[in-house]
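Engineer: Here's a structure for you.
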Amino acid sequence: MPSTDQNIPKLSKELCSRLLSDLERAKRPVLYATKCSLDNSIYNHRNGYLTPGPKKVATELNVSSVKKMARAIFMLEVLLRNIDTGAVNTKRELYYISKGEIKHNPSLRALDFADQNESDDIIDFICEMLECYREELNCYANDRGGQTYSQQLVVTETLPDGDKAVVDLSKLGTTPFQPKNRPQNLKLSARKKIDFCLIVESEGTANTLVANGFTKRHASILLGAQGVPSNAVRGWCKLIQDQLSVPLYFFGDLDAYTMQNIFRTLKAGSAASLIRNSDYSAPDVRFLGVLPEDIKKYDLNDYPVKENDAQEVRALKKAHDALKNDPFFQDKKNKGLAQILRWLLENKRRCEQQAFFTVDPRDPTMPEKIIVDKIKRGNFV
Amino acid sequence: MAKQPGSNKITTSSTAEYFSKNLQQVGFSSQTKAILTTLKEAVDNALDACEEHGILPEISILVEKVGQGSLKNSDQIRIRVEDNGPGIDPEDVPKVFGEYLASSKFGRGRCSRGQQGIGISAATTWAQLTSAIGARVTTKTKSMRKALSCLVEVDIKHNRGVLKDRAMFDWDRAHGTAVEFVVDGRVQLNGEAGLLNYLSGTTLVNPHLTLTYKLPDFEPHRVDRVSTSIPEIPEATEPHPHTMKLGEFIAHSHLFGRVKVNAWLKKGFSRVNEGTLKDLSQGGFPASLLEKSVDSLGDTQFKNLFVALQNLKLMAPSTKSVISIGEEGFAKSIKRLGAIDFFAVVSRKPTICDFKPVQIEVAVARLEDRSVEAESAAQVLRFANRVPLQFDKSSCAIVHAIESVNWRSYGIVQPKNALPQGPYIVAVSVVSPFIKFKNASKETIDASDELVEEIRRALIQAGQKLSKHIRREVKANELEEKIRHIEQFCPILVDGLCRITEASAARRKKAEDGLVKILGRDAHVTKTELDEAHAVLEAQKSSILADEIIAEEVRD
Ligand SMILES: Nc1ncnc2c1ncn2[C@@H]1O[C@H](COP(=O)(O)OP(=O)(O)OP(=O)(O)O)[C@@H](O)[C@H]1O
Ligand SMILES: [Mg+2]
């Protein structure tokens with residue numbers, strides 16, 4: 001991790017002194033933040049994730065931005081106090097904390113937030129100014145997705161008070177392990193050799209596979225992504241990749257949305273999170289399917305993209321642009337993935353992960369058999 | 001005339017009989033409307049009479065409850081209107097108040113308020129029908145030593161006025177007329193159809209009027225004139241060819257008998273001269289026909305001549321054929337409606353719409369009073385020949401035109417295709433010797449495309465003028481907001497920075513001064529913009545004054 005919690009107070013102090021000395025000289029302070037957009041994204045297959053280019057967004061202090069700036073410094077003080085005492089909060093809690101501060105200090109009334117969106121924006125603004133993650137400011141989102149099953153994996157968590165908690169996933173029965181979005185406090189180990197890690201797009205299908213005995217039969221880690229991966233899921237996958245060196249496979253729908261918004265984010269991050277991609281991507285993860293060729297091979301039920309399917313229509317449009325502008329899909333190393341996008345654009349069809357259940361409707365373990373077979377034969381991209 | 005069923009006898013019913021059965025057609029369709037109409041007929045007459053005789057009008061009005069009415073849920077109301085007009089010759093008094101279709105204004109193609117000679121006799125009839133007393137009239141002309149006081153009743157069978165209670169007495173004035181009715185009805189003061197709206201509208205479009213009034217539940221009130229110039233009554237002008245239809249054109253020729261066509265055209269029409277005749281023949285109309293006698297022309301020749309004239313570009317009818325309120329008087333008058341932040345007045349040049357000369361004048365004002373709800377529609381005041389229109393708003397040409405303007409571009413709130421909203425008054429006056437009304441009771445102006453477009457243009461000009469004020473106000477608010485921003489947030493920001501950096505009090509002071517200096521520069525820019533907006537307005541004001549001076553010079 002590039003910056004640790006210790007750095008934030010130091011960075012904040014530096015930023016504030018710079019502002020203050022500009023003001024002392026009656027010089028208009030300008031703050032620069034990384035421009036988080038595709039046109040400022042760089043992809044290098046050697047590190048495997050999108051990194052920020054040189055473009056910056058400048059915020060100048062003037063009459064219209066002075067309110068935002070005053071609010072940001074006020075919120076920063078609250079967050080620095082949290083870092084100091086080790087307290088953590090969600091964005092919603094921070095909204096109420098700031099309401100409380102203002103209530104008890106009438107001279108701050110002008111800063112008052114009308115709703116949570118306003119305070120959320122300020123927190124994001126602070127992250128941009130300091131080029132840090134929300135989590136580094138002890139502000140955590142609700143953990144979502146990433147329910148994990150394994151008969152071999154052991155997780156050791158270092159608690160804030162220094163205590164250690166050891167979770168042996170084989171002891172949890174059908175209860176999944178839920179990763180936190182503070183992966184740096186987790187240490188992973190394997191009781192026995194683990195062959196691979198399977199990330200399933202649908203949480204429900206991940207559950208079904210486990211219930212039907214997937215993790216009993218295969219030395220593996222199996223987790224559900226629950227749609228677009230949260231920071232918790234992204235950090236967790238990176239942790240598995242870095243600490244266990246097992247191959248990672250992603251199994252999800254064959255459509256433009258899954259390819260760009262779910263798989264790409266998991267593997268190389270996104271343009272919106274340029275500054276955190278280095279800590280929140282798992283470049284080794286491979287796309288197991290559903291592959292276009294699987295449709296014929298297994299006689300899967302696919303169907304055309306409906307015109308009223310707004311999400312997928314939008315994703316197809318985005319795919320068209322991505323092939324031209326997205327450095328990830330343009331990289332030679334990802335030719336196979338770009339080919340899938342092109343196939344989707346040409347054929348305008350989609351095939352869901354659950355279609356594997358049509359292959360032998362009487363055999364509940366059929367999807368498992370196909371998945372394992374695909375891994376064995378190297379049938380992935 | 002009506003053929004009676006079952007008999008061969010054809011009967012002639014008197015005009016008075018017809019109207020007494022159809023009073024709803026002339027404004028007496030409800031109890032509240034009856035009161036308004038009675039007042040309106042008397043006031044219109046007083047204003048017309050003063051205008052015609054070059055008298056600055058002073059009118060006083062009394063409306064009071066005197067008892068219970070004979071109709072269900074009605075009151076007995078006394079309505080008295082007194083003017084300082086020329087007075088009425090005693091001989092004419094029974095005709096004026098008791099005979100239908102007796103009018104000095106009939107068919108003159110003028111822009112007077114009254115047109116037909118029905119108004120005041122209808123009021124007498126209503127009084128007679130509901131409270132069994134006619135009109136109580138007091139009048140004195142310059143040449144009378146004493147004033148005449150009498151009661152006029154309508155002899156409905158014979159369409160004739162009957163005088164009763166005649167008396168002569170000393171009246172402390174040189175001339176004038178007072179008319180009093182006791183009628184059944186109900187007084188409605190507020191709302192679009194209310195008496196107050198009528199009175200404020202009447203004062204608005206009559207800057208030269210001094211009005212005193214006493215209404216039920218109200219203290220006596222006086223509104224002084226803001227102009228001492230009496231609208232000039234245009235001399236009767238010959239008709240303009242573009243204002244006629246073919247039938248009227250042919251009928252017009254019969255008045256001239258045996259004259260040559262070219263002489264008839266030049267003499268009988270306005271804006272037709274030697275040049276016009278040349279244009280006619282150059283346009284292909286046979287010159288030989290122009291030399292013929294008018295009474296020898298056949299229908300086809302009349303038609304060809306008529307069409308050829310219609311296709312010529314003629315000068316608009318004389319601006320003198322319409323009466324205008326004038327921008328200056330209108331501007332002063334609008335301030336009588338209440339405290340006003342700012343306003344814009346536009347007097348369009350007289351023009352032709354649908355073959356008729358018409359002049360549009362509009363005033364748009366923003367009221368200081370913000371007690372009206374923000375989302376309520378602007379107050380619309382409509383006038384036809386300077387008479388307020390208070391009913392059937394939605395189908396009126398004026399309302400159509402107001403709704404067609406994009407007020408948002410002038411900084412005024414407006415839902416799509418609807419009236420603008422907020423504390424605004426939009427007053428539109430249509431003056432024309434031939435206003436086309438949508439219905440018999442003369443309450444809405446027919447929304448022809450040409451007329452709507454002409455009104456719309458006037459409104460757009462007014463909107464543009466107004467927007468300069470609104471823009472300046474926005475700038476002023478911006479400046480105020482910026483200064484408030486600076487005052488509020490500078491200390492908070494600097495305090496926060498100092499706490500985080502643990503800076504000294506001296507640094508703090510210096511930083512705060514620096515910040516105020518930086519932001520002060522921003523505020524200064526706004527201040528400059530505000531000054532510029534202000535300068536634009538001032539320039540506009542002085543150019544209006546210059547226009548007025550030029551207009552004066554031209555008139556001289
Ligand atoms: N207050 C008055 N002073 C002097 N003359 C008056 C007064 N009131 C009425 N007259 C005369 O009486 C005539 C008849 O009035 P009346 O209201 O019946 O008809 P009008 O005003 O000509 O038309 P309309 O029916 O449209 O009102 C008027 O034309 C005017 O000459
Ligand atoms: Mg009249």
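Starting from 1 in every chain, residues are counted up; chains themselves are A, B, ... following the order of the structure tokens, and ligands are numbered from 1 as listed.
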Once you count only C-alpha atoms, which residues of chain A turn out to be within 10 Å of chain B? Could you give them as a ChimeraX atom specification?
Structural biologist: /A:9-10,12-29,61-77,80,107-111
Engineer: Residues contacting ligand 2 - anything with an atom at most 8 Å away, using only C-alpha atoms and all ligand atoms - can you give me those as a list in words?
Structural biologist: Glu41, Ala42, Asp44, Asn45, Arg113, Gly114, Gln115, Gln116, Gly117, Ile118, Gly119 and Ile120 of chain B
Engineer: Write out as a PyMOL selection string each polymer residue whose atoms come within 12 Å of stretch 443-446 of chain B, counting only C-alpha atoms; drop sequence neighbours fewer than 3 positions from it.
Structural biologist: chain B and resi 25-27+33+37+193+353-354+382-385+387-401+428-432+434-440+449-452+455
Engineer: Restricted to C-alpha atoms, what would the selected residues look like written as an mmCIF file, in the first residue's frame?
Structural biologist:
data_model
loop_
_atom_site.group_PDB
_atom_site.id
_atom_site.type_symbol
_atom_site.label_atom_id
_atom_site.label_comp_id
_atom_site.auth_asym_id
_atom_site.auth_seq_id
_atom_site.Cartn_x
_atom_site.Cartn_y
_atom_site.Cartn_z
ATOM 1 C CA GLN B 25 -76.849 39.072 -23.276
ATOM 2 C CA VAL B 26 -75.703 42.522 -22.300
ATOM 3 C CA GLY B 27 -74.035 41.760 -19.000
ATOM 4 C CA LYS B 33 -72.387 40.750 -12.728
ATOM 5 C CA THR B 37 -72.299 46.033 -15.411
ATOM 6 C CA ALA B 193 -64.598 39.794 -11.738
ATOM 7 C CA CYS B 353 -54.787 43.516 -38.106
ATOM 8 C CA ASP B 354 -57.547 41.716 -39.950
ATOM 9 C CA ARG B 382 -57.190 43.167 -20.318
ATOM 10 C CA PHE B 383 -58.651 46.213 -21.994
ATOM 11 C CA ALA B 384 -60.709 46.728 -25.106
ATOM 12 C CA ASN B 385 -61.022 50.397 -26.012
ATOM 13 C CA VAL B 387 -62.700 49.192 -20.871
ATOM 14 C CA PRO B 388 -61.521 46.414 -18.525
ATOM 15 C CA LEU B 389 -62.471 42.900 -19.622
ATOM 16 C CA GLN B 390 -63.164 40.689 -16.654
ATOM 17 C CA PHE B 391 -64.728 37.486 -17.910
ATOM 18 C CA ASP B 392 -63.957 34.479 -20.047
ATOM 19 C CA LYS B 393 -60.232 35.016 -19.865
ATOM 20 C CA SER B 394 -59.002 31.769 -21.356
ATOM 21 C CA SER B 395 -60.188 32.291 -24.918
ATOM 22 C CA CYS B 396 -59.073 35.916 -25.189
ATOM 23 C CA ALA B 397 -56.517 37.021 -27.783
ATOM 24 C CA ILE B 398 -54.630 38.846 -25.023
ATOM 25 C CA VAL B 399 -54.211 35.737 -22.887
ATOM 26 C CA HIS B 400 -53.207 33.661 -25.915
ATOM 27 C CA ALA B 401 -50.520 36.214 -26.722
ATOM 28 C CA VAL B 428 -52.646 44.811 -22.367
ATOM 29 C CA SER B 429 -54.777 47.423 -24.058
ATOM 30 C CA VAL B 430 -56.294 46.872 -27.481
ATOM 31 C CA VAL B 431 -57.711 50.011 -29.055
ATOM 32 C CA SER B 432 -59.559 49.917 -32.337
ATOM 33 C CA PHE B 434 -63.730 47.841 -34.770
ATOM 34 C CA ILE B 435 -62.803 45.315 -32.112
ATOM 35 C CA LYS B 436 -63.999 41.833 -32.935
ATOM 36 C CA PHE B 437 -65.408 40.239 -29.815
ATOM 37 C CA LYS B 438 -65.878 36.554 -29.369
ATOM 38 C CA ASN B 439 -69.414 36.849 -28.066
ATOM 39 C CA ALA B 440 -72.306 39.272 -27.746
ATOM 40 C CA ASP B 449 -53.559 35.066 -35.600
ATOM 41 C CA GLU B 450 -52.668 38.570 -36.733
ATOM 42 C CA LEU B 451 -53.920 40.242 -33.608
ATOM 43 C CA VAL B 452 -52.285 37.687 -31.300
ATOM 44 C CA ILE B 455 -49.913 41.741 -29.056
#
Engineer: Kindly compile the residues surrounding ligand 1 within 9 Å, counting only C-alpha atoms and all ligand atoms, and format them as a ChimeraX atom specification.
Structural biologist: /B:26,41-50,81-89,92-93,95-106,112-123,139,176-179
Engineer: Interatomic distance between atom CA of B:Ala462 and atom CA of B:Val346?
Structural biologist: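 A separation of 5.8 Å between them.
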Engineer: Report as a list of chain:residue names all protein, DNA and RNA residues lying within 8 Å of stretch 255-261 of chain A, evaluated on only C-alpha atoms, omitting residues in the same chain fewer than 6 positions from it.
Structural biologist: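 Using only C-alpha atoms, the neighbours found are A:Val228, A:Gln311, A:Glu312, A:Ala315, A:Leu316, A:Ala319, A:Leu341, A:Leu344, A:Arg349, A:Arg350, A:Cys351, A:Glu352.
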Engineer: DSSP on the backbone: what in stretch 324-379 of chain B comes out alpha helix (DSSP H), as a ChimeraX atom specification?
Structural biologist: /B:327-334
Engineer: Just want the 9 Å neighbourhood of stretch 152-157 of chain A, counted on only C-alpha atoms, with same-chain residues fewer than 2 positions away dropped. Output as a list in words.
Structural biologist: Tyr149, Ser150, Leu159, Asp163, Lys164, Ala165, Val166, Val167, Asp168, Leu169, Ser170, Asn185, Leu186, Lys187, Leu188, Ser189, Ala190, Arg191, Lys192, Lys193, Ile194, Ala219, Ser220 and Ile221 of chain A
Engineer: Hey, can you spit out that residue selection with N, CA, C and O atoms as a tab-separated table (two decimals), in the first residue's frame?
Structural biologist:
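Okay, this is what ended up in again.tsv:
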chain	number	residue	atom	x	y	z
A	149	TYR	N	-16.11	-19.56	0.50
A	149	TYR	CA	-16.16	-20.92	1.04
A	149	TYR	C	-14.87	-21.63	0.67
A	149	TYR	O	-14.36	-21.46	-0.44
A	150	SER	N	-14.36	-22.42	1.63
A	150	SER	CA	-13.17	-23.23	1.31
A	150	SER	C	-12.97	-24.27	2.42
A	150	SER	O	-13.33	-24.01	3.58
A	159	LEU	N	-6.61	-7.66	15.02
A	159	LEU	CA	-7.65	-6.71	15.44
A	159	LEU	C	-7.02	-5.38	15.84
A	159	LEU	O	-5.81	-5.32	16.13
A	163	ASP	N	-4.95	-7.98	19.20
A	163	ASP	CA	-5.31	-9.39	19.31
A	163	ASP	C	-5.39	-10.02	17.92
A	163	ASP	O	-5.61	-9.32	16.94
A	164	LYS	N	-5.25	-11.33	17.91
A	164	LYS	CA	-5.36	-12.02	16.63
A	164	LYS	C	-6.55	-12.97	16.65
A	164	LYS	O	-6.81	-13.65	17.66
A	165	ALA	N	-7.30	-13.00	15.54
A	165	ALA	CA	-8.41	-13.94	15.43
A	165	ALA	C	-8.10	-14.88	14.28
A	165	ALA	O	-7.69	-14.42	13.21
A	166	VAL	N	-8.28	-16.18	14.52
A	166	VAL	CA	-7.98	-17.15	13.46
A	166	VAL	C	-9.28	-17.79	13.00
A	166	VAL	O	-10.05	-18.30	13.82
A	167	VAL	N	-9.57	-17.70	11.71
A	167	VAL	CA	-10.79	-18.29	11.18
A	167	VAL	C	-10.41	-19.41	10.22
A	167	VAL	O	-9.78	-19.17	9.19
A	168	ASP	N	-10.80	-20.64	10.60
A	168	ASP	CA	-10.56	-21.80	9.73
A	168	ASP	C	-11.85	-22.01	8.96
A	168	ASP	O	-12.86	-22.42	9.52
A	169	LEU	N	-11.82	-21.74	7.65
A	169	LEU	CA	-13.06	-21.76	6.88
A	169	LEU	C	-13.69	-23.15	6.81
A	169	LEU	O	-14.90	-23.28	6.65
A	170	SER	N	-12.88	-24.21	6.99
A	170	SER	CA	-13.44	-25.56	6.92
A	170	SER	C	-14.34	-25.84	8.12
A	170	SER	O	-15.12	-26.77	8.12
A	185	ASN	N	-5.21	-6.07	7.14
A	185	ASN	CA	-5.12	-6.68	8.47
A	185	ASN	C	-5.30	-8.19	8.44
A	185	ASN	O	-5.39	-8.83	9.48
A	186	LEU	N	-5.41	-8.75	7.22
A	186	LEU	CA	-5.67	-10.20	7.11
A	186	LEU	C	-4.43	-10.93	6.61
A	186	LEU	O	-3.70	-10.43	5.75
A	187	LYS	N	-4.22	-12.13	7.17
A	187	LYS	CA	-3.10	-12.97	6.72
A	187	LYS	C	-3.72	-14.30	6.31
A	187	LYS	O	-4.51	-14.88	7.05
A	188	LEU	N	-3.37	-14.77	5.10
A	188	LEU	CA	-3.98	-16.00	4.60
A	188	LEU	C	-2.97	-17.15	4.63
A	188	LEU	O	-1.79	-16.95	4.38
A	189	SER	N	-3.51	-18.33	4.94
A	189	SER	CA	-2.66	-19.51	4.83
A	189	SER	C	-3.53	-20.69	4.40
A	189	SER	O	-4.76	-20.61	4.47
A	190	ALA	N	-2.87	-21.80	3.95
A	190	ALA	CA	-3.63	-22.95	3.49
A	190	ALA	C	-3.28	-24.17	4.33
A	190	ALA	O	-2.11	-24.42	4.59
A	191	ARG	N	-4.33	-24.88	4.79
A	191	ARG	CA	-4.07	-26.10	5.56
A	191	ARG	C	-3.52	-27.18	4.65
A	191	ARG	O	-2.71	-27.99	5.03
A	192	LYS	N	-4.02	-27.22	3.44
A	192	LYS	CA	-3.52	-28.14	2.41
A	192	LYS	C	-3.37	-27.33	1.14
A	192	LYS	O	-3.89	-26.22	1.05
A	193	LYS	N	-2.72	-27.88	0.16
A	193	LYS	CA	-2.50	-27.16	-1.08
A	193	LYS	C	-3.86	-26.80	-1.72
A	193	LYS	O	-4.77	-27.63	-1.80
A	194	ILE	N	-3.99	-25.57	-2.16
A	194	ILE	CA	-5.22	-25.13	-2.84
A	194	ILE	C	-4.93	-25.06	-4.33
A	194	ILE	O	-3.92	-24.49	-4.76
A	219	ALA	N	-10.04	-28.94	-3.99
A	219	ALA	CA	-9.25	-28.10	-3.09
A	219	ALA	C	-9.25	-26.69	-3.67
A	219	ALA	O	-8.43	-26.38	-4.53
A	220	SER	N	-10.21	-25.89	-3.19
A	220	SER	CA	-10.40	-24.60	-3.86
A	220	SER	C	-10.91	-23.55	-2.89
A	220	SER	O	-11.31	-23.85	-1.77
A	221	ILE	N	-10.90	-22.31	-3.39
A	221	ILE	CA	-11.59	-21.22	-2.70
A	221	ILE	C	-12.71	-20.80	-3.66
A	221	ILE	O	-12.44	-20.58	-4.85
Engineer: Between B:Asn406, B:Ser288, B:Ser281, B:Ser324, which residue has the minimum interatomic distance to B:Ser347, considering only C-alpha atoms?
Structural biologist: B:Ser324
Engineer: Applying 10 Å and only C-alpha atoms, which residues near A:Asp326 remain after dropping the ones on its own chain fewer than 5 positions away? List them as a list of chain:residue names.
Structural biologist: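 My list of contacting residues is A:Leu38, A:Asp39, A:Ser41, A:Ile42, A:Tyr43, A:Leu50, A:Ala271, A:Lys318, A:Ala319, A:His320, A:Asp321, A:Asp331.
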Engineer: Using the selection just defined, write its residues with N, CA and C atoms as a short mmCIF file (atom, residue, chain, number, x, y, z; two decimals), in the first residue's frame.
Structural biologist:
data_model
loop_
_atom_site.label_atom_id
_atom_site.label_comp_id
_atom_site.auth_asym_id
_atom_site.auth_seq_id
_atom_site.Cartn_x
_atom_site.Cartn_y
_atom_site.Cartn_z
N LEU A 38 -11.27 7.82 -18.22
CA LEU A 38 -10.63 6.91 -19.15
C LEU A 38 -9.51 7.60 -19.93
N ASP A 39 -9.75 8.89 -20.27
CA ASP A 39 -8.73 9.57 -21.09
C ASP A 39 -7.48 9.90 -20.29
N SER A 41 -6.26 7.34 -18.26
CA SER A 41 -5.90 6.02 -17.75
C SER A 41 -4.77 5.42 -18.60
N ILE A 42 -3.83 4.82 -17.89
CA ILE A 42 -2.72 4.16 -18.59
C ILE A 42 -2.76 2.69 -18.20
N TYR A 43 -2.53 1.80 -19.19
CA TYR A 43 -2.50 0.38 -18.85
C TYR A 43 -1.19 -0.21 -19.32
N LEU A 50 -5.07 -0.43 -14.36
CA LEU A 50 -5.10 0.93 -14.90
C LEU A 50 -4.48 1.88 -13.89
N ALA A 271 -11.66 3.26 -14.35
CA ALA A 271 -11.18 4.63 -14.54
C ALA A 271 -11.57 5.51 -13.36
N LYS A 318 -20.89 1.23 -24.93
CA LYS A 318 -19.62 1.47 -24.26
C LYS A 318 -18.54 0.55 -24.83
N ALA A 319 -18.94 -0.69 -25.15
CA ALA A 319 -17.98 -1.65 -25.69
C ALA A 319 -17.40 -1.14 -27.00
N HIS A 320 -18.27 -0.56 -27.79
CA HIS A 320 -17.85 0.00 -29.07
C HIS A 320 -16.73 1.03 -28.86
N ASP A 321 -16.96 1.93 -27.85
CA ASP A 321 -15.95 2.95 -27.54
C ASP A 321 -14.70 2.31 -26.94
N ASP A 331 -4.77 -3.38 -25.24
CA ASP A 331 -3.46 -4.01 -25.02
C ASP A 331 -3.40 -5.39 -25.68
#
Engineer: Neighbours of stretch 174-182 of chain A within 6 Å (only C-alpha atoms; same-chain residues fewer than 4 positions away dropped), as a list in words?
Structural biologist: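 Those residues are Gln147, Thr148, Tyr149 and Ala232 of chain A.
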Engineer: Could you write out the selected residues, including C-alpha atoms, as a PDB file, in the first residue's frame?
Structural biologist:
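To be explicit, this is the file written out as result33.pdb:
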ATOM      1  CA  GLN A 147     -18.968 -14.523   0.579  1.00  0.00           C
ATOM      2  CA  THR A 148     -16.217 -17.116   0.557  1.00  0.00           C
ATOM      3  CA  TYR A 149     -16.156 -20.923   1.045  1.00  0.00           C
ATOM      4  CA  ALA A 232     -14.043  -5.477  -0.190  1.00  0.00           C
TER       5      ALA A 232
END
Engineer: Within stretch 221-434 of chain B, find each residue whose DSSP state, derived from the backbone, is strand (DSSP E or B), and express the selection as a PyMOL selection string.
Structural biologist: chain B and resi 221-223+260+293+340-347+351-353+356-367+377+379-384+387-389+421+424-431
Engineer: For atom CA of B:Gln188 and atom CA of B:Glu64, quote the distance in Å rounded to one decimal.
Structural biologist: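 Interatomic distance here is 11.9 Å.
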Engineer: Quick one, how far is atom CA of B:Thr276 from atom CA of B:Leu314?
Structural biologist: 7.8 Å
